[in-house]
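Undergrad: Data: start_33.cif, mmCIF, C-alpha atoms and all ligand atoms.
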```cif
data_data
loop_
_atom_site.label_atom_id
_atom_site.label_comp_id
_atom_site.auth_asym_id
_atom_site.auth_seq_id
_atom_site.Cartn_x
_atom_site.Cartn_y
_atom_site.Cartn_z
CA MET A 1 -11.54 -23.96 61.11
CA GLN A 2 -12.04 -27.14 59.06
CA ASN A 3 -9.92 -27.94 55.98
CA PHE A 4 -11.30 -26.73 52.67
CA ILE A 5 -10.55 -26.07 49.03
CA PHE A 6 -11.51 -22.61 47.79
CA HIS A 7 -11.24 -22.36 44.04
CA ALA A 8 -12.65 -19.05 42.77
CA TYR A 9 -12.83 -19.90 39.14
CA THR A 10 -15.36 -17.72 37.33
CA LYS A 11 -14.14 -14.64 35.49
CA MET A 12 -16.40 -11.89 36.87
CA LEU A 13 -16.97 -8.90 34.58
CA PHE A 14 -18.59 -6.43 36.92
CA GLY A 15 -20.03 -2.99 36.16
CA LYS A 16 -21.93 -0.84 33.73
CA ASP A 17 -21.67 -1.84 30.06
CA GLN A 18 -19.47 -4.86 30.71
CA ILE A 19 -21.68 -6.66 28.20
CA GLU A 20 -19.57 -5.03 25.49
CA GLN A 21 -16.98 -7.69 26.29
CA LEU A 22 -19.39 -10.52 25.50
CA PRO A 23 -17.98 -11.30 22.02
CA GLU A 24 -14.47 -11.58 23.38
CA VAL A 25 -15.64 -13.80 26.22
CA MET A 26 -17.68 -16.06 23.93
CA ASP A 27 -14.97 -16.30 21.29
CA ALA A 28 -13.01 -18.72 23.43
CA TYR A 29 -15.72 -21.37 23.24
CA GLY A 30 -17.05 -21.60 19.69
CA LYS A 31 -19.70 -20.17 17.42
CA THR A 32 -22.84 -22.16 18.18
CA VAL A 33 -24.49 -20.91 21.32
CA LEU A 34 -27.60 -21.95 23.20
CA LEU A 35 -29.16 -18.76 24.53
CA VAL A 36 -31.22 -19.63 27.61
CA TYR A 37 -33.64 -17.19 29.24
CA GLY A 38 -36.85 -16.98 31.21
CA GLY A 39 -40.30 -15.55 30.66
CA GLY A 40 -39.31 -12.47 28.70
CA SER A 41 -37.99 -9.83 31.12
CA ILE A 42 -34.80 -9.65 29.03
CA LYS A 43 -36.84 -8.64 25.98
CA LYS A 44 -38.52 -5.80 27.88
CA ASN A 45 -35.32 -4.35 29.29
CA GLY A 46 -33.31 -4.55 26.08
CA ILE A 47 -30.68 -7.14 27.07
CA TYR A 48 -32.00 -9.61 24.50
CA ASP A 49 -31.54 -7.18 21.59
CA LYS A 50 -28.14 -6.21 22.90
CA VAL A 51 -26.99 -9.85 22.96
CA TYR A 52 -28.12 -10.32 19.35
CA SER A 53 -26.36 -7.16 18.20
CA LEU A 54 -23.13 -8.23 19.89
CA LEU A 55 -23.26 -11.85 18.71
CA LYS A 56 -24.14 -11.24 15.06
CA ASN A 57 -21.48 -13.69 13.92
CA TRP A 58 -22.70 -16.47 16.14
CA ASN A 59 -25.21 -19.19 15.38
CA ILE A 60 -27.76 -18.65 18.15
CA ILE A 61 -30.18 -21.39 19.17
CA GLU A 62 -32.80 -20.32 21.73
CA LEU A 63 -34.37 -21.92 24.76
CA SER A 64 -36.86 -19.51 26.29
CA GLY A 65 -39.47 -19.80 29.01
CA VAL A 66 -37.33 -21.16 31.83
CA GLU A 67 -39.66 -21.10 34.82
CA PRO A 68 -38.88 -19.67 38.25
CA ASN A 69 -38.14 -22.96 40.06
CA PRO A 70 -36.90 -24.43 36.75
CA ARG A 71 -38.44 -27.67 35.65
CA ILE A 72 -36.69 -30.85 34.55
CA THR A 73 -38.88 -30.82 31.43
CA THR A 74 -37.18 -27.57 30.35
CA VAL A 75 -33.76 -29.05 31.06
CA ARG A 76 -34.64 -32.01 28.83
CA GLU A 77 -35.64 -29.68 26.01
CA GLY A 78 -32.35 -27.78 26.37
CA VAL A 79 -30.35 -31.00 26.25
CA ARG A 80 -32.22 -32.01 23.12
CA LEU A 81 -31.35 -28.69 21.45
CA CYS A 82 -27.68 -29.00 22.42
CA LYS A 83 -27.42 -32.47 20.92
CA GLU A 84 -29.38 -31.59 17.77
CA HIS A 85 -27.38 -28.43 17.00
CA ASN A 86 -23.96 -29.41 18.35
CA VAL A 87 -23.94 -26.45 20.69
CA ASP A 88 -20.47 -25.24 21.78
CA VAL A 89 -21.38 -22.97 24.68
CA ILE A 90 -24.42 -21.97 26.75
CA LEU A 91 -25.24 -18.34 27.41
CA ALA A 92 -27.63 -18.02 30.37
CA VAL A 93 -29.30 -14.62 30.68
CA GLY A 94 -31.42 -14.19 33.78
CA GLY A 95 -31.66 -15.08 37.44
CA GLY A 96 -30.81 -18.24 39.33
CA SER A 97 -33.50 -20.29 37.62
CA THR A 98 -32.15 -19.65 34.15
CA ILE A 99 -28.56 -20.23 35.24
CA ASP A 100 -29.38 -23.42 37.15
CA CYS A 101 -31.36 -24.79 34.23
CA SER A 102 -28.41 -23.99 31.93
CA LYS A 103 -25.98 -25.80 34.22
CA VAL A 104 -27.86 -29.08 34.09
CA ILE A 105 -28.41 -28.70 30.35
CA ALA A 106 -24.64 -28.25 30.01
CA ALA A 107 -24.08 -31.48 31.91
CA GLY A 108 -26.93 -33.29 30.19
CA ALA A 109 -25.40 -32.55 26.79
CA TYR A 110 -22.71 -35.12 27.65
CA TYR A 111 -25.02 -37.63 29.31
CA ASP A 112 -26.84 -40.37 27.45
CA LYS A 113 -29.69 -40.99 29.86
CA ASP A 114 -32.30 -38.78 31.55
CA PRO A 115 -30.73 -35.58 33.04
CA TRP A 116 -32.90 -36.04 36.16
CA ASP A 117 -30.24 -38.63 37.12
CA LEU A 118 -27.74 -35.74 37.31
CA VAL A 119 -30.06 -33.83 39.63
CA LEU A 120 -30.25 -36.82 41.96
CA ASP A 121 -26.53 -37.55 41.81
CA GLY A 122 -24.01 -34.84 40.91
CA SER A 123 -21.16 -37.36 40.84
CA LEU A 124 -22.55 -38.63 37.51
CA ILE A 125 -21.54 -35.29 35.95
CA LYS A 126 -18.30 -36.01 34.12
CA GLU A 127 -18.19 -33.36 31.42
CA VAL A 128 -20.13 -30.17 30.70
CA LEU A 129 -20.45 -27.54 28.01
CA PRO A 130 -18.93 -24.18 29.00
CA ILE A 131 -21.41 -21.77 30.57
CA VAL A 132 -21.35 -17.97 30.39
CA THR A 133 -23.95 -16.00 32.36
CA ILE A 134 -25.44 -12.52 32.25
CA LEU A 135 -27.01 -12.00 35.66
CA THR A 136 -30.27 -10.06 36.02
CA LEU A 137 -31.26 -10.83 39.62
CA ALA A 138 -29.12 -10.62 42.76
CA ALA A 139 -29.98 -13.68 44.83
CA THR A 140 -28.68 -17.18 44.38
CA GLY A 141 -24.97 -16.83 43.69
CA SER A 142 -25.43 -19.34 40.87
CA GLU A 143 -23.39 -16.99 38.66
CA MET A 144 -20.24 -18.03 40.55
CA ASN A 145 -21.00 -21.38 42.13
CA LYS A 146 -21.29 -25.09 41.41
CA ASN A 147 -24.93 -25.61 42.39
CA ALA A 148 -28.13 -26.04 40.43
CA VAL A 149 -31.61 -26.58 41.81
CA ILE A 150 -34.20 -28.27 39.58
CA SER A 151 -37.86 -29.07 40.21
CA ASN A 152 -40.22 -31.80 39.14
CA LEU A 153 -43.60 -30.46 40.12
CA GLU A 154 -45.40 -33.61 39.00
CA THR A 155 -43.69 -35.55 41.76
CA ASN A 156 -43.34 -32.57 44.14
CA GLU A 157 -39.56 -32.87 44.10
CA LYS A 158 -37.04 -30.04 44.15
CA PHE A 159 -33.40 -31.03 44.55
CA GLY A 160 -30.06 -29.34 44.41
CA THR A 161 -27.18 -30.92 42.55
CA SER A 162 -23.60 -29.86 42.52
CA SER A 163 -20.44 -30.25 40.48
CA ARG A 164 -17.35 -28.11 40.18
CA LEU A 165 -17.61 -28.68 36.42
CA MET A 166 -20.83 -26.62 36.31
CA ILE A 167 -19.20 -23.45 37.68
CA PRO A 168 -19.68 -20.75 35.01
CA GLN A 169 -16.60 -19.82 33.01
CA ALA A 170 -17.51 -16.15 33.04
CA SER A 171 -20.33 -14.00 34.38
CA ILE A 172 -21.32 -10.48 33.39
CA LEU A 173 -22.73 -8.47 36.29
CA ASP A 174 -24.09 -5.09 35.26
CA PRO A 175 -25.94 -3.56 38.23
CA THR A 176 -28.15 -1.50 35.90
CA TYR A 177 -29.80 -4.77 34.81
CA LEU A 178 -31.38 -4.95 38.25
CA TYR A 179 -33.29 -1.68 37.78
CA THR A 180 -36.28 -3.42 36.18
CA LEU A 181 -36.76 -6.01 38.91
CA PRO A 182 -40.20 -6.12 40.53
CA ALA A 183 -39.92 -5.00 44.18
CA ILE A 184 -40.78 -8.45 45.47
CA GLN A 185 -37.89 -10.01 43.53
CA THR A 186 -35.46 -7.43 44.91
CA ALA A 187 -36.68 -8.23 48.41
CA ALA A 188 -36.83 -12.01 47.97
CA GLY A 189 -33.38 -12.00 46.38
CA THR A 190 -31.99 -10.11 49.35
CA ALA A 191 -33.59 -12.58 51.75
CA ASP A 192 -31.98 -15.40 49.78
CA ILE A 193 -28.54 -13.79 49.98
CA MET A 194 -28.98 -13.29 53.73
CA SER A 195 -30.09 -16.88 54.16
CA HIS A 196 -26.98 -18.16 52.37
CA ILE A 197 -24.99 -16.26 54.97
CA PHE A 198 -27.10 -17.45 57.93
CA GLU A 199 -26.81 -21.10 56.92
CA ALA A 200 -23.04 -20.97 57.46
CA TYR A 201 -22.79 -18.19 60.04
CA PHE A 202 -24.82 -20.24 62.51
CA SER A 203 -22.46 -23.19 62.63
CA ARG A 204 -21.11 -25.74 65.06
CA GLU A 205 -17.65 -24.61 63.95
CA LYS A 206 -16.82 -21.80 66.34
CA ASP A 207 -13.36 -20.99 65.06
CA ALA A 208 -13.90 -19.20 61.77
CA PHE A 209 -13.38 -15.57 62.69
CA ILE A 210 -12.63 -14.29 59.21
CA GLN A 211 -15.63 -16.02 57.60
CA ASP A 212 -17.91 -14.51 60.24
CA ARG A 213 -16.64 -10.97 59.74
CA PHE A 214 -17.05 -11.33 55.92
CA SER A 215 -20.56 -12.58 56.63
CA GLU A 216 -21.49 -9.67 58.85
CA GLY A 217 -20.26 -7.22 56.20
CA ILE A 218 -22.41 -8.85 53.54
CA LEU A 219 -25.45 -8.90 55.84
CA LYS A 220 -24.99 -5.21 56.63
CA ALA A 221 -24.77 -4.44 52.91
CA CYS A 222 -28.03 -6.33 52.29
CA ILE A 223 -29.83 -4.51 55.10
CA LYS A 224 -28.62 -1.09 54.01
CA TYR A 225 -28.94 -1.38 50.26
CA CYS A 226 -32.12 -3.42 49.85
CA LYS A 227 -34.17 -0.61 51.34
CA ILE A 228 -32.44 1.97 49.12
CA ALA A 229 -32.97 -0.17 46.02
CA LEU A 230 -36.67 -0.48 46.83
CA GLN A 231 -37.06 3.27 47.25
CA GLU A 232 -34.89 4.15 44.26
CA PRO A 233 -34.85 1.20 41.84
CA ASP A 234 -32.19 2.87 39.70
CA ASN A 235 -29.75 3.64 42.50
CA TYR A 236 -26.54 2.23 41.02
CA GLU A 237 -24.60 1.91 44.26
CA ALA A 238 -27.42 0.03 45.95
CA ARG A 239 -27.79 -2.38 43.03
CA ALA A 240 -24.02 -2.83 42.75
CA ASN A 241 -23.72 -3.77 46.40
CA LEU A 242 -26.60 -6.24 46.24
CA MET A 243 -25.23 -7.79 43.06
CA TRP A 244 -21.78 -8.35 44.49
CA ALA A 245 -23.32 -9.61 47.75
CA SER A 246 -25.17 -12.26 45.73
CA SER A 247 -21.95 -13.66 44.30
CA MET A 248 -19.91 -13.41 47.50
CA ALA A 249 -22.52 -15.02 49.75
CA LEU A 250 -22.44 -18.40 48.06
CA ASN A 251 -19.10 -18.86 46.34
CA GLY A 252 -17.31 -20.45 49.29
CA LEU A 253 -16.01 -17.23 50.81
CA THR A 254 -18.21 -17.34 53.88
CA GLY A 255 -19.03 -21.04 54.11
CA SER A 256 -15.64 -22.69 53.63
CA GLY A 257 -14.26 -24.23 56.78
CA LYS A 258 -17.74 -24.51 58.27
CA GLU A 259 -19.27 -27.45 56.47
CA HIS A 260 -22.52 -28.87 57.84
CA SER A 261 -26.05 -29.48 56.59
CA TRP A 262 -28.14 -26.40 55.97
CA THR A 263 -31.55 -25.94 57.58
CA CYS A 264 -33.82 -23.27 56.12
CA HIS A 265 -32.97 -24.19 52.52
CA PRO A 266 -34.06 -27.84 52.70
CA ILE A 267 -37.26 -26.75 54.45
CA GLU A 268 -37.91 -24.04 51.84
CA HIS A 269 -37.22 -26.39 48.97
CA GLU A 270 -40.12 -28.55 50.18
CA LEU A 271 -42.40 -25.49 50.30
CA SER A 272 -41.45 -24.67 46.69
CA ALA A 273 -41.69 -28.30 45.59
CA PHE A 274 -45.28 -28.54 46.81
CA TYR A 275 -46.50 -24.97 46.29
CA ASP A 276 -44.13 -23.43 43.69
CA ILE A 277 -43.51 -20.31 45.82
CA THR A 278 -40.65 -17.83 45.39
CA HIS A 279 -37.53 -19.24 47.05
CA GLY A 280 -36.53 -16.07 48.92
CA VAL A 281 -40.06 -15.53 50.23
CA GLY A 282 -40.15 -19.03 51.68
CA LEU A 283 -36.76 -18.51 53.30
CA ALA A 284 -37.80 -15.20 54.87
CA ILE A 285 -40.89 -16.84 56.37
CA VAL A 286 -38.98 -19.81 57.81
CA THR A 287 -35.84 -18.02 59.02
CA PRO A 288 -37.05 -16.12 62.13
CA ARG A 289 -39.16 -19.10 63.26
CA TRP A 290 -36.14 -21.39 62.88
CA MET A 291 -33.96 -18.93 64.77
CA ARG A 292 -36.37 -18.81 67.70
CA TYR A 293 -36.75 -22.58 67.69
CA ILE A 294 -33.03 -23.29 67.93
CA LEU A 295 -32.17 -20.55 70.40
CA ASN A 296 -30.70 -22.30 73.44
CA GLN A 297 -27.74 -22.26 75.82
CA ASP A 298 -25.39 -23.52 73.09
CA THR A 299 -26.48 -21.16 70.34
CA VAL A 300 -27.22 -17.96 72.24
CA ASP A 301 -23.70 -16.52 72.00
CA GLN A 302 -23.71 -16.48 68.20
CA PHE A 303 -27.08 -14.71 68.23
CA VAL A 304 -25.63 -12.11 70.59
CA THR A 305 -22.67 -11.60 68.25
CA TYR A 306 -25.09 -11.37 65.31
CA GLY A 307 -27.25 -8.79 67.10
CA HIS A 308 -24.29 -6.68 68.10
CA ASN A 309 -22.23 -6.82 64.89
CA VAL A 310 -25.03 -6.80 62.33
CA TRP A 311 -27.88 -4.91 63.99
CA ASP A 312 -25.70 -2.66 66.19
CA LEU A 313 -27.59 -3.73 69.31
CA PRO A 314 -25.86 -2.64 72.52
CA MET A 315 -24.46 -5.51 74.58
CA GLU A 316 -26.76 -6.60 77.40
CA GLU A 317 -26.31 -8.80 80.40
CA ASP A 318 -29.35 -10.87 79.54
CA LYS A 319 -28.05 -12.77 76.52
CA PHE A 320 -31.41 -14.33 75.68
CA ALA A 321 -33.17 -10.97 75.67
CA MET A 322 -30.56 -9.67 73.27
CA ALA A 323 -30.78 -12.75 71.05
CA HIS A 324 -34.56 -12.31 70.83
CA LYS A 325 -34.11 -8.69 69.84
CA ALA A 326 -31.74 -9.72 67.04
CA ILE A 327 -34.27 -12.25 65.75
CA ASP A 328 -37.09 -9.67 65.99
CA LYS A 329 -34.94 -7.26 63.97
CA THR A 330 -34.50 -9.91 61.30
CA GLU A 331 -38.24 -10.54 61.08
CA GLU A 332 -39.07 -6.81 61.07
CA PHE A 333 -36.59 -6.24 58.27
CA PHE A 334 -38.22 -8.87 56.05
CA LYS A 335 -41.61 -7.29 56.76
CA GLU A 336 -40.33 -3.80 56.00
CA ILE A 337 -39.00 -4.84 52.61
CA GLY A 338 -42.46 -6.13 51.73
CA ILE A 339 -42.19 -9.90 52.05
CA PRO A 340 -45.38 -11.71 53.09
CA MET A 341 -44.28 -13.28 56.35
CA THR A 342 -46.76 -16.09 56.94
CA LEU A 343 -47.43 -19.30 55.04
CA SER A 344 -51.14 -18.50 54.89
CA GLU A 345 -50.36 -15.30 52.97
CA VAL A 346 -48.66 -17.36 50.26
CA GLY A 347 -51.50 -19.89 50.10
CA ILE A 348 -50.03 -22.66 52.24
CA ASP A 349 -52.12 -24.39 54.91
CA ASP A 350 -51.23 -27.21 57.30
CA SER A 351 -52.40 -30.05 55.06
CA LYS A 352 -48.93 -31.03 53.73
CA ILE A 353 -46.75 -29.99 56.64
CA GLU A 354 -46.08 -33.54 57.72
CA ILE A 355 -44.90 -34.82 54.35
CA MET A 356 -42.84 -31.68 53.76
CA ALA A 357 -41.17 -32.06 57.16
CA GLU A 358 -40.44 -35.71 56.52
CA LYS A 359 -38.84 -35.00 53.15
CA ALA A 360 -36.84 -32.02 54.43
CA VAL A 361 -35.28 -34.19 57.13
CA LYS A 362 -34.71 -37.13 54.82
CA PHE A 363 -33.23 -35.28 51.84
CA GLY A 364 -31.77 -32.25 53.62
CA GLY A 365 -29.80 -34.16 56.23
CA LEU A 366 -31.29 -31.98 58.96
CA GLU A 367 -30.06 -34.29 61.67
CA ASN A 368 -26.58 -32.99 60.87
CA ALA A 369 -27.60 -29.34 60.82
CA TYR A 370 -26.31 -26.61 63.15
CA VAL A 371 -28.96 -27.70 65.62
CA SER A 372 -30.02 -31.23 64.74
CA LEU A 373 -33.69 -31.36 63.74
CA LYS A 374 -36.09 -34.29 63.50
CA LYS A 375 -39.39 -34.46 61.65
CA GLU A 376 -41.32 -33.30 64.73
CA ASP A 377 -39.10 -30.22 65.03
CA VAL A 378 -39.66 -29.24 61.40
CA ILE A 379 -43.41 -29.74 61.84
CA ASN A 380 -43.29 -27.37 64.81
CA ILE A 381 -41.27 -24.77 62.90
CA LEU A 382 -43.65 -24.92 59.93
CA LYS A 383 -46.69 -24.66 62.19
CA ASN A 384 -45.15 -21.52 63.70
CA CYS A 385 -44.92 -20.12 60.15
CA LEU A 386 -48.62 -20.55 59.40
CA SER A 387 -49.79 -17.24 60.87
O1 LIG B 401 -38.35 -15.21 33.70
P1 LIG B 401 -38.16 -13.75 33.55
O2 LIG B 401 -39.14 -13.11 32.63
O3 LIG B 401 -36.75 -13.37 33.26
O4 LIG B 401 -38.54 -13.10 34.99
C1 LIG B 401 -37.86 -13.42 36.18
C2 LIG B 401 -38.66 -14.34 37.10
O5 LIG B 401 -40.04 -14.18 36.91
C3 LIG B 401 -37.74 -12.17 37.00
N1 LIG B 401 -36.56 -11.37 36.66
C4 LIG B 401 -35.26 -11.73 36.72
N2 LIG B 401 -34.48 -10.70 36.42
C5 LIG B 401 -35.28 -9.65 36.13
C6 LIG B 401 -36.61 -10.08 36.28
N3 LIG B 401 -37.66 -9.24 36.06
C7 LIG B 401 -37.39 -7.99 35.69
N4 LIG B 401 -36.12 -7.50 35.57
C8 LIG B 401 -35.05 -8.30 35.78
N5 LIG B 401 -33.81 -7.81 35.71
O6 LIG B 401 -37.62 -12.61 38.32
C9 LIG B 401 -38.34 -13.83 38.48
C10 LIG B 401 -37.55 -14.79 39.33
O7 LIG B 401 -36.39 -15.22 38.64
P2 LIG B 401 -35.57 -16.49 39.17
O8 LIG B 401 -34.43 -16.72 38.26
O9 LIG B 401 -36.51 -17.62 39.43
O10 LIG B 401 -35.07 -15.98 40.61
P3 LIG B 401 -33.83 -16.35 41.48
O11 LIG B 401 -32.58 -15.76 40.96
O12 LIG B 401 -34.20 -16.01 42.86
O13 LIG B 401 -33.67 -17.95 41.35
C11 LIG B 401 -34.44 -18.82 42.13
C12 LIG B 401 -34.07 -20.28 41.85
O14 LIG B 401 -32.70 -20.54 42.22
C13 LIG B 401 -32.66 -21.62 43.17
C14 LIG B 401 -33.99 -21.48 43.85
O15 LIG B 401 -34.34 -22.64 44.57
C15 LIG B 401 -34.92 -21.21 42.68
O16 LIG B 401 -35.19 -22.40 41.98
N6 LIG B 401 -31.45 -21.52 43.99
C16 LIG B 401 -30.27 -21.73 43.40
C17 LIG B 401 -29.08 -21.74 44.10
C18 LIG B 401 -27.77 -21.97 43.46
N7 LIG B 401 -27.73 -22.25 42.18
O17 LIG B 401 -26.74 -21.92 44.12
C19 LIG B 401 -29.05 -21.56 45.55
C20 LIG B 401 -30.29 -20.95 46.09
O18 LIG B 401 -30.35 -21.20 47.48
C21 LIG B 401 -31.55 -21.41 45.42
O19 LIG B 401 -32.03 -22.63 45.95
ZN ZN B 402 -31.05 -19.75 48.51
#
```
So that I can check it, write out the structure of this file as structure tokens.

TA:
Amino acid sequence: MQNFIFHAYTKMLFGKDQIEQLPEVMDAYGKTVLLVYGGGSIKKNGIYDKVYSLLKNWNIIELSGVEPNPRITTVREGVRLCKEHNVDVILAVGGGSTIDCSKVIAAGAYYDKDPWDLVLDGSLIKEVLPIVTILTLAATGSEMNKNAVISNLETNEKFGTSSRLMIPQASILDPTYLYTLPAIQTAAGTADIMSHIFEAYFSREKDAFIQDRFSEGILKACIKYCKIALQEPDNYEARANLMWASSMALNGLTGSGKEHSWTCHPIEHELSAFYDITHGVGLAIVTPRWMRYILNQDTVDQFVTYGHNVWDLPMEEDKFAMAHKAIDKTEEFFKEIGIPMTLSEVGIDDSKIEIMAEKAVKFGGLENAYVSLKKEDVINILKNCLS
């Protein structure tokens, strides 16, 4: 196991009606708050009104309309509002897009130049406004981590930035807020959580027993509870497990001690940058094709472990046959939960595969991934995703 620093920092208020504690949480940071949210789901499900009733003594400035795959233009508007109104604290209510957008706004409030600089280089982030989140989608782990992913669709760029300073101070996780999610967001969010696990579980670092057993537990929870949540959207236990899985899958618990470049995420980020698709859908499409592509003598044992411990496959003498079964199970699961599993189904043809592959390798450091990939490899993987 490699050396690491694990600093679980965010105060997590988990469970039904935890929002009642919002005033107490916010009190620590000041009275002028920038409320950041997306396209309006929080108005339909009542969270918006609840926030206003709880924060009646606060001066609330609003930034609405944060896009899925949040845009740098929205970040700029948020920074402008923070500077104009001397905002003390940011309250992000929504999924990963709203939280990520809020993180870079929080950093941009202390930065004199264009916040896109902070997306390109997280080391420029020296000070941030405090961030409190109310999570409404189980997926990214942004509610407890240091990352933010921002898009510039004019230039077809989507980059992740990172700073410990952007980790939320507190996050409210009420599983009942997930009841109103469209089925595809429940499914895509689950695929995202699973991908965060896969990116570290399949690692050159072999000696990380405890991280791998945590990982398998989270994967099993995703597999079990996503299907239940789709059948019964208001099943509390299912939503609670998915919500906690979201936070645990990307807060350092499973990835610490296994640092290396990720694979499916950089590839997916190019798909979103060029075609603005849902992150978890892109990941689900790429993942089984990537798994098959990198299956070899060096990697087969981890796929066997994965098949046995996660999918309960009986051990077989033919390791490759078993590994293929585990990958098939993964692909079947994504199909069963309703994710379109080819690029053509989400409107992507082969016309930009080359440029996307080039950028994924260049910006994603894919040569240092679990199995080192070059541009030609990514082209092959993406071609396998077409149909
Ligand atoms: O905008 P509203 O109206 O709120 O609707 C949203 C949006 O359309 C809707 N939604 C969210 N909660 C809902 C709801 N609808 C009904 N009921 C609810 N309770 O869902 C849609 C998608 O929301 P979004 O925030 O975009 O989804 P997600 O949480 O999957 O975030 C995706 C973004 O996060 C980035 C992705 O690349 C993408 O930009 N990521 C961030 C990471 C991080 N910060 O660590 C890591 C991830 O790997 C990922 O890259
Ligand atoms: Zn992700």

Undergrad: With distances taken over all atoms listed in the file, which of A:Ala221, A:Ser246, A:Asn3, A:Asp112 is nearest to ligand LIG 401 (chain B)?

TA: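 Between A:Ala221, A:Ser246, A:Asn3, A:Asp112, the residue approaching ligand LIG 401 (chain B) most closely is A:Ser246.
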
Undergrad: Please identify all polymer residues within 8 Å of stretch 114-123 of chain A, counting all atoms listed in the file, omitting same-chain residues fewer than 4 positions from it, and present them as a compact mmCIF listing (two decimals) with C-alpha atoms, in the frame of the given file.

TA:
```
# COMPACT_ATOMS: atom_id res chain seq x y z
CA ILE A 72 -36.69 -30.85 34.55
CA VAL A 75 -33.76 -29.05 31.06
CA ARG A 76 -34.64 -32.01 28.83
CA VAL A 104 -27.86 -29.08 34.09
CA ILE A 105 -28.41 -28.70 30.35
CA ALA A 107 -24.08 -31.48 31.91
CA GLY A 108 -26.93 -33.29 30.19
CA VAL A 149 -31.61 -26.58 41.81
CA ILE A 150 -34.20 -28.27 39.58
CA PHE A 159 -33.40 -31.03 44.55
CA GLY A 160 -30.06 -29.34 44.41
CA THR A 161 -27.18 -30.92 42.55
CA SER A 162 -23.60 -29.86 42.52
CA SER A 163 -20.44 -30.25 40.48
```

Undergrad: Rank nothing, just name the residue among A:Gly255, A:Gly46, A:Gly338, A:Gly38 nearest to ligand LIG 401 (chain B), using all atoms listed in the file.

TA: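 Closest to ligand LIG 401 (chain B) of all the choices is A:Gly38.
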
Undergrad: Please tabulate, as a tab-separated table, the residues of chain A that come within 6 Å of ligand LIG 401 (chain B), each with its closest pair of atoms and the distance in Å to one decimal, counting only C-alpha atoms and all ligand atoms and ordering rows by chain, then residue number upward.

TA:
```
residue	atom	partner	partner_atom	distance
A:Gly38	CA	B:LIG401	O1	3.4
A:Gly39	CA	B:LIG401	O2	3.3
A:Gly40	CA	B:LIG401	O2	4.0
A:Ser41	CA	B:LIG401	O2	3.8
A:Ile42	CA	B:LIG401	O3	6.0
A:Pro68	CA	B:LIG401	O9	3.3
A:Asn69	CA	B:LIG401	O16	3.6
A:Pro70	CA	B:LIG401	O16	5.9
A:Gly94	CA	B:LIG401	N2	5.3
A:Gly95	CA	B:LIG401	O8	3.3
A:Gly96	CA	B:LIG401	O11	3.5
A:Ser97	CA	B:LIG401	O8	3.7
A:Thr98	CA	B:LIG401	O8	5.5
A:Asp100	CA	B:LIG401	N7	5.4
A:Thr136	CA	B:LIG401	N5	4.2
A:Leu137	CA	B:LIG401	N2	4.5
A:Ala139	CA	B:LIG401	O11	5.1
A:Thr140	CA	B:LIG401	C20	4.4
A:Gly141	CA	B:LIG401	O17	5.4
A:Ser142	CA	B:LIG401	N7	3.9
A:Asn147	CA	B:LIG401	N7	4.4
A:Ala148	CA	B:LIG401	N7	4.2
A:Val149	CA	B:LIG401	C13	5.2
A:Tyr177	CA	B:LIG401	N5	5.1
A:Leu178	CA	B:LIG401	N5	4.5
A:Thr180	CA	B:LIG401	N4	4.1
A:Leu181	CA	B:LIG401	N4	3.7
A:Pro182	CA	B:LIG401	C7	5.9
A:Gln185	CA	B:LIG401	O6	5.8
A:Gly189	CA	B:LIG401	O12	5.4
A:His279	CA	B:LIG401	C14	5.3
```

Undergrad: For the contact check between chain A and ligand ZN 402 (chain B), emit one row per residue of chain A within 7 Å, containing the shortest atom pair and the distance in Å rounded to one decimal, counting all atoms listed in the file, chain then rising number order, as a Markdown table.

TA:
```
| residue | atom | partner | partner_atom | distance |
| --- | --- | --- | --- | --- |
| A:Thr140 | CA | B:ZN402 | ZN | 5.4 |
| A:Asp192 | CA | B:ZN402 | ZN | 4.6 |
| A:Ile193 | CA | B:ZN402 | ZN | 6.6 |
| A:Ser195 | CA | B:ZN402 | ZN | 6.4 |
| A:His196 | CA | B:ZN402 | ZN | 5.8 |
| A:His265 | CA | B:ZN402 | ZN | 6.3 |
| A:His279 | CA | B:ZN402 | ZN | 6.7 |
| A:Gly280 | CA | B:ZN402 | ZN | 6.6 |
```

Undergrad: Hey, can you check how far atom CA of A:Ala187 sits from atom CA of A:Met356?

TA: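 One can read the atom CA of A:Ala187 to atom CA of A:Met356 distance as 24.8 Å.
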